[in-house]
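Worksheet for the structure shown next.
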Amino acid sequence: MREWREIARLAEAIDTVCKDWRPHILHAHSPALCGEAALKVAKHRKIPLVYEIRAFWEDASVGNGTGREGSLKYRLTRALESHVVGEADAIVTICDGLRRDLIARGNDPARITVMPNGVDLSLFGSPPVRDPALAAELGLGDGPVIGFIGSFYDYEGLDDLIAAMPALIRHHPDAHLLLVGGGPRQDALKLQAEQSEASAAIRFVGRVPHEQVERYYALADIMAYPRKKSRLTDLVTPLKPLEAMAQGKLVAASDVGGHRELIEDGVTGTLFAADDPDACGTALAELLDRRDEWEHYRTEGRKHVETRHDWARNVERYQDVYQTLLRIGPYRNLHAAA
């Protein structure tokens with residue numbers, strides 16, 4: 001009941017704005033609560049609706065520990081999403097994994113456009129140089145640093161990364177792991193690190209101000225993303241590996257579907273088996289051994305972001321979607337025209 005009230009209130013707010021702005025198109029994004037509210041207004045005002053999906057809300061709740069796959073709430077949320085998708089005039093997703101799932105639900109592929117997850121490259125100039133004072137303050141020494149910067153959710157697989165450290169230290173005794181961020185798994189991960197034989201090589205920084213993040217990126221040689229295999233991680237592409245490549249960092253990631261869309265193994269980064277600390281440790285050790293290939297990885301990674309995931313280029317694709325809807329005409333004639 002609370003969610004339905006929110007939908008009604010949001011629909012009223014959208015309708016009020018429409019009275020002043022008189023838009024030709026409404027563009028709503030997930031979750032489905034936003035989409036359903038916009039759909040109500042689109043029907044009432046006969047305006048075409050674009051619905052953009054960045055993740056399936058029900059799978060995200062499972063991933064962050066607030067929901068359970070197959071539960072009543074899960075099924076209701078999925079049904080609401082499917083309803084909005086079925087009624088919207090055009091669908092946009094951030095990756096092919098989400099598109100394939102929608103097609104499997106019976107949606108027309110012609111209505112679905114992929115707007116790849118991207119970064120604003122204007123924000124990434126020359127990567128900042130390593131700050132020796134900060135490295136000394138954190139006790140990182142002069143050896144290689146494996147980094148992770150983000151939220152500490154279970155699906156990120158940071159427990160596997162910590163579990164991989166003893167094997168990595170045996171091959172590279174001077175290596176360190178730098179974990180920047182926080183979240184629901186923070187306390188459990190700190191306890192795991194304290195009990196690890198590699199505890200002396202693991203550093204937790206906590207959350208840092210946004211303007212300081214680049215300083216911590218600069219400390220890492222390899223950014224690691226050991227996501228666990230799940231519907232969420234197989235279907236959705238994360239943003240962090242793209243940011244790392246834009247920063248000129250090496251990337252090592254688990255081979256879940258979302259990572260495979262972003263990273264070409266052996267070209268723009270290294271992929272390893274998900275949910276496997278041994279595979280993670282081996283991949284990191286081998287990447288550290290191949291220092292002569294690092295510049296190639298950095299160059300190809302940056303080039304990949306520039307050509308496939310630069311937001312300034314990707315945003316132009318919206319114009320094709322909008323122009324198509326404007327040519328077809330008002331809402332309710334769209335499906336017939338398609």
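In the structure tokens, each chain is lettered A, B, ... as it comes, each chain's residues begin at 1, and ligands are numbered from 1 in order of appearance.
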If you take only C-alpha atoms and a cut-off of 12 Å, which residues of stretch 209-233 of chain A touch stretch 93-102 of chain A, and what are their nearest atom pairs and distances in Å to one decimal, in chain and number order, as a tab-separated table?
```
residue	atom	partner	partner_atom	distance
A:Arg231	CA	A:Gly97	CA	9.7
A:Leu232	CA	A:Leu98	CA	9.6
A:Thr233	CA	A:Gly97	CA	9.6
```
- prompt: Counting only C-alpha atoms, what is within 12 Å of A:Val129, bar same-chain residues fewer than 2 positions away, as a PyMOL selection string?
  reply: chain A and resi 125-127+131-135+214-221+247-248
- request: Please return as number ranges by chain: the residues of stretch 179-318 of chain A that backbone DSSP assigns to alpha helix (DSSP H).
  value: A: 186-195, 213-217, 231-235, 240-246, 257-262, 277-289, 294-308, 311-314, 317-318
field: Atomic distance atom CA of A:Pro238 - atom CA of A:Ala201, expressed in Å with one decimal
entry: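 Separating atom CA of A:Pro238 from atom CA of A:Ala201 is a distance of 26.8 Å.
The closest residue to A:Ala200, picked from A:Gly139, A:Pro226, A:Gly182, A:Gly301 and counting only C-alpha atoms, is A:Gly139.
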query: Could you pull the residues within 8 Å of A:His27, counting only C-alpha atoms, minus those fewer than 5 positions along the same chain, as a PyMOL selection string?
result: chain A and resi 38+49-52
- prompt: So which residues touch stretch 261-263 of chain A within 8 Å, counting only C-alpha atoms, skipping near sequence neighbours fewer than 5 positions away, as a list in words?
  reply: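 Close residues of stretch 261-263 of chain A: Cys95, Asp96, Thr237, Pro241, Leu242, Thr268, Gly269, Thr270 and Leu271 of chain A.
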Write the residues of the preceding selection, restricted to N, CA, C and O atoms, as a PDB file, in the first residue's frame.
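Listed below is the output, part.pdb:
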```pdb
ATOM      1  N   CYS A  95      22.634  -2.477 -20.807  1.00  0.00           N
ATOM      2  CA  CYS A  95      23.510  -3.556 -21.259  1.00  0.00           C
ATOM      3  C   CYS A  95      22.697  -4.635 -21.972  1.00  0.00           C
ATOM      4  O   CYS A  95      21.463  -4.685 -21.884  1.00  0.00           O
ATOM      5  N   ASP A  96      23.406  -5.512 -22.663  1.00  0.00           N
ATOM      6  CA  ASP A  96      22.745  -6.555 -23.445  1.00  0.00           C
ATOM      7  C   ASP A  96      22.150  -7.639 -22.557  1.00  0.00           C
ATOM      8  O   ASP A  96      21.174  -8.290 -22.954  1.00  0.00           O
ATOM      9  N   THR A 237      25.766  -4.614 -16.053  1.00  0.00           N
ATOM     10  CA  THR A 237      27.162  -4.179 -16.154  1.00  0.00           C
ATOM     11  C   THR A 237      27.457  -3.125 -15.088  1.00  0.00           C
ATOM     12  O   THR A 237      26.725  -2.136 -14.979  1.00  0.00           O
ATOM     13  N   PRO A 241      34.495  -0.888 -13.163  1.00  0.00           N
ATOM     14  CA  PRO A 241      35.591  -1.269 -14.071  1.00  0.00           C
ATOM     15  C   PRO A 241      35.831  -0.251 -15.174  1.00  0.00           C
ATOM     16  O   PRO A 241      36.978  -0.040 -15.584  1.00  0.00           O
ATOM     17  N   LEU A 242      34.764   0.399 -15.651  1.00  0.00           N
ATOM     18  CA  LEU A 242      34.935   1.423 -16.675  1.00  0.00           C
ATOM     19  C   LEU A 242      35.679   2.626 -16.120  1.00  0.00           C
ATOM     20  O   LEU A 242      36.542   3.204 -16.796  1.00  0.00           O
ATOM     21  N   THR A 268      41.710  -6.117 -22.649  1.00  0.00           N
ATOM     22  CA  THR A 268      41.439  -4.923 -21.834  1.00  0.00           C
ATOM     23  C   THR A 268      41.499  -5.226 -20.338  1.00  0.00           C
ATOM     24  O   THR A 268      41.379  -4.317 -19.514  1.00  0.00           O
ATOM     25  N   GLY A 269      41.656  -6.489 -19.989  1.00  0.00           N
ATOM     26  CA  GLY A 269      41.730  -6.876 -18.584  1.00  0.00           C
ATOM     27  C   GLY A 269      41.884  -8.377 -18.445  1.00  0.00           C
ATOM     28  O   GLY A 269      42.100  -9.096 -19.426  1.00  0.00           O
ATOM     29  N   THR A 270      41.766  -8.858 -17.221  1.00  0.00           N
ATOM     30  CA  THR A 270      41.880 -10.288 -16.921  1.00  0.00           C
ATOM     31  C   THR A 270      40.604 -10.762 -16.255  1.00  0.00           C
ATOM     32  O   THR A 270      40.112 -10.129 -15.315  1.00  0.00           O
ATOM     33  N   LEU A 271      40.060 -11.877 -16.732  1.00  0.00           N
ATOM     34  CA  LEU A 271      38.880 -12.486 -16.133  1.00  0.00           C
ATOM     35  C   LEU A 271      39.261 -13.796 -15.455  1.00  0.00           C
ATOM     36  O   LEU A 271      40.116 -14.532 -15.940  1.00  0.00           O
TER      37      LEU A 271
END
```
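Minimum atom-to-atom distance to A:Thr77, evaluated using only C-alpha atoms, belongs to A:Trp57 out of A:Val256, A:Val92, A:Trp57, A:Trp311.
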field: Contacts of A:Leu76 within 12 Å, only C-alpha atoms, excl. fewer than 5 positions in-chain, as a list in words
entry: Glu3, Ala32, Leu33, Trp57, Glu58, Glu69, Gly70, Ser71, Glu81, Ser82 and His83 of chain A
Write the residues you've just listed into a file as a compact mmCIF listing (two decimals), in the first residue's frame, and include N, CA, C and O atoms for each of them.
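The resulting selection23.txt:
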```txt
# COMPACT_ATOMS: atom_id res chain seq x y z
N GLU A 3 3.82 1.64 -1.33
CA GLU A 3 4.38 1.84 -2.67
C GLU A 3 3.33 2.39 -3.63
O GLU A 3 3.63 3.25 -4.46
N ALA A 32 10.52 0.21 -11.07
CA ALA A 32 9.21 0.23 -11.71
C ALA A 32 8.25 1.21 -11.06
O ALA A 32 7.28 1.63 -11.70
N LEU A 33 8.48 1.59 -9.79
CA LEU A 33 7.62 2.59 -9.16
C LEU A 33 7.63 3.89 -9.95
O LEU A 33 6.59 4.53 -10.15
N TRP A 57 14.87 -4.33 -10.10
CA TRP A 57 14.77 -3.98 -8.69
C TRP A 57 14.73 -5.23 -7.81
O TRP A 57 15.35 -5.27 -6.74
N GLU A 58 14.01 -6.26 -8.26
CA GLU A 58 13.89 -7.46 -7.43
C GLU A 58 15.23 -8.18 -7.29
O GLU A 58 15.56 -8.72 -6.22
N GLU A 69 14.97 -14.29 -3.60
CA GLU A 69 14.51 -14.69 -4.92
C GLU A 69 13.33 -15.65 -4.81
O GLU A 69 13.36 -16.61 -4.04
N GLY A 70 12.29 -15.37 -5.58
CA GLY A 70 11.11 -16.22 -5.58
C GLY A 70 10.07 -15.87 -4.55
O GLY A 70 8.98 -16.45 -4.54
N SER A 71 10.36 -14.93 -3.65
CA SER A 71 9.39 -14.52 -2.63
C SER A 71 8.21 -13.80 -3.27
O SER A 71 8.25 -13.42 -4.45
N GLU A 81 7.29 -4.58 -13.04
CA GLU A 81 8.29 -4.21 -14.05
C GLU A 81 7.83 -4.67 -15.43
O GLU A 81 7.88 -3.91 -16.41
N SER A 82 7.39 -5.91 -15.52
CA SER A 82 6.95 -6.45 -16.81
C SER A 82 5.75 -5.66 -17.36
O SER A 82 5.64 -5.45 -18.57
N HIS A 83 4.87 -5.23 -16.46
CA HIS A 83 3.71 -4.44 -16.88
C HIS A 83 4.17 -3.11 -17.49
O HIS A 83 3.69 -2.72 -18.57
```
query: Closest to A:Leu177 among A:Pro128, A:Gly118, A:Pro31, A:Gly147, using only C-alpha atoms?
result: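 Checking each candidate against A:Leu177, we get A:Gly147 as the closest.
Secondary structure from DSSP on the backbone puts strand (DSSP E) at the following positions of stretch 117-164 of chain A: Val145, Ile146, Gly147, Phe148, Ile149, Gly150 and Ser151 of chain A.
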May I have the selected residues written with C-alpha atoms, as a JSON list (two decimals), in the first residue's frame?
```
[["chain", "number", "residue", "atom", "x", "y", "z"],
["A", 145, "VAL", "CA", 48.80, -2.78, -4.66],
["A", 146, "ILE", "CA", 45.50, -4.49, -5.45],
["A", 147, "GLY", "CA", 42.63, -2.04, -4.99],
["A", 148, "PHE", "CA", 38.87, -2.04, -4.62],
["A", 149, "ILE", "CA", 36.87, 1.19, -4.31],
["A", 150, "GLY", "CA", 33.13, 0.86, -3.84],
["A", 151, "SER", "CA", 30.34, -0.50, -1.65]]
```
- line: From atom CA of A:Lys240 to atom CA of A:Gly266 the spacing works out at 18.7 Å
task: Find the residues near A:Asp310: any atom within 6 Å, counting only C-alpha atoms, skip ones fewer than 2 places away on the same chain, and give them as a PyMOL selection string.
output: chain A and resi 118-120+305-306+312-313
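When only C-alpha atoms are used to compute distances to A:Arg78, the closest of the residues A:Gln186, A:Ser61, A:Gln319, A:Gln212 turns out to be A:Ser61.
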- prompt: Looking at A:Leu121, A:Thr299, A:Ala253, A:Thr282, which one is nearest to A:Ala167, with distances taken over only C-alpha atoms?
  reply: A:Thr282
Counting only C-alpha atoms, which residues of stretch 18-121 of chain A sit at most 8 Å from some atom of stretch 4-7 of chain A, and what is each one's closest atom pair with its distance in Å to one decimal, listed by chain and rising residue number, as a Markdown table?
```
| residue | atom | partner | partner_atom | distance |
| --- | --- | --- | --- | --- |
| A:Leu33 | CA | A:Ile7 | CA | 5.8 |
| A:Cys34 | CA | A:Ile7 | CA | 6.9 |
| A:Glu36 | CA | A:Ile7 | CA | 6.8 |
| A:Ala37 | CA | A:Ile7 | CA | 5.1 |
```
- prompt: Which residues, written as a list in words, have at least one atom at most 10 Å from A:Leu168, with only C-alpha atoms counted and residues fewer than 6 positions away on the same chain left out?
  reply: Asp174, Ala175, His176, Ala198, Asp278, Cys280, Gly281, Thr282, Ala283, Leu284, Ala285, Glu286 and Leu288 of chain A
Could you please take those selected residues and save N, CA and C atoms as a PDB file, in the first residue's frame?
```pdb
ATOM      1  N   ASP A 174      55.519  -8.721  -1.222  1.00  0.00           N
ATOM      2  CA  ASP A 174      55.408  -7.279  -0.956  1.00  0.00           C
ATOM      3  C   ASP A 174      54.076  -6.695  -1.448  1.00  0.00           C
ATOM      4  N   ALA A 175      53.137  -7.539  -1.885  1.00  0.00           N
ATOM      5  CA  ALA A 175      51.846  -7.053  -2.387  1.00  0.00           C
ATOM      6  C   ALA A 175      50.930  -6.662  -1.225  1.00  0.00           C
ATOM      7  N   HIS A 176      50.023  -5.711  -1.494  1.00  0.00           N
ATOM      8  CA  HIS A 176      49.031  -5.274  -0.500  1.00  0.00           C
ATOM      9  C   HIS A 176      47.651  -5.186  -1.141  1.00  0.00           C
ATOM     10  N   ALA A 198      47.272 -13.383   5.835  1.00  0.00           N
ATOM     11  CA  ALA A 198      47.763 -12.236   5.070  1.00  0.00           C
ATOM     12  C   ALA A 198      47.281 -10.917   5.663  1.00  0.00           C
ATOM     13  N   ASP A 278      40.923 -19.187  -5.221  1.00  0.00           N
ATOM     14  CA  ASP A 278      42.167 -19.665  -5.829  1.00  0.00           C
ATOM     15  C   ASP A 278      42.344 -19.096  -7.234  1.00  0.00           C
ATOM     16  N   CYS A 280      41.036 -16.362  -8.350  1.00  0.00           N
ATOM     17  CA  CYS A 280      41.284 -14.929  -8.185  1.00  0.00           C
ATOM     18  C   CYS A 280      42.750 -14.677  -7.865  1.00  0.00           C
ATOM     19  N   GLY A 281      43.294 -15.405  -6.895  1.00  0.00           N
ATOM     20  CA  GLY A 281      44.687 -15.232  -6.510  1.00  0.00           C
ATOM     21  C   GLY A 281      45.642 -15.531  -7.641  1.00  0.00           C
ATOM     22  N   THR A 282      45.351 -16.609  -8.391  1.00  0.00           N
ATOM     23  CA  THR A 282      46.207 -16.981  -9.517  1.00  0.00           C
ATOM     24  C   THR A 282      46.196 -15.904 -10.597  1.00  0.00           C
ATOM     25  N   ALA A 283      45.004 -15.387 -10.903  1.00  0.00           N
ATOM     26  CA  ALA A 283      44.896 -14.357 -11.937  1.00  0.00           C
ATOM     27  C   ALA A 283      45.663 -13.099 -11.540  1.00  0.00           C
ATOM     28  N   LEU A 284      45.555 -12.701 -10.284  1.00  0.00           N
ATOM     29  CA  LEU A 284      46.266 -11.515  -9.822  1.00  0.00           C
ATOM     30  C   LEU A 284      47.776 -11.729  -9.865  1.00  0.00           C
ATOM     31  N   ALA A 285      48.224 -12.905  -9.416  1.00  0.00           N
ATOM     32  CA  ALA A 285      49.657 -13.207  -9.414  1.00  0.00           C
ATOM     33  C   ALA A 285      50.217 -13.202 -10.834  1.00  0.00           C
ATOM     34  N   GLU A 286      49.470 -13.819 -11.763  1.00  0.00           N
ATOM     35  CA  GLU A 286      49.951 -13.879 -13.148  1.00  0.00           C
ATOM     36  C   GLU A 286      49.988 -12.486 -13.774  1.00  0.00           C
ATOM     37  N   LEU A 288      50.501  -9.697 -12.162  1.00  0.00           N
ATOM     38  CA  LEU A 288      51.671  -9.028 -11.579  1.00  0.00           C
ATOM     39  C   LEU A 288      52.962  -9.525 -12.204  1.00  0.00           C
TER      40      LEU A 288
END
```
Wanna dump the stretch 177-287 of chain A-stretch 153-157 of chain A contacts at 6 Å for me, each residue with its shortest atom pair and the distance in Å to one decimal, counting only C-alpha atoms, ordered by chain and number, as a tab-separated table?
```
residue	atom	partner	partner_atom	distance
A:Pro184	CA	A:Tyr153	CA	5.9
A:Arg185	CA	A:Tyr153	CA	5.7
A:Pro226	CA	A:Gly157	CA	5.1
A:Arg227	CA	A:Glu156	CA	4.2
A:Lys228	CA	A:Tyr155	CA	5.2
```
query: Do you have the atom CA of A:Pro209-atom CA of A:Leu239 distance handy?
result: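 Interatomic distance here is 18.3 Å.
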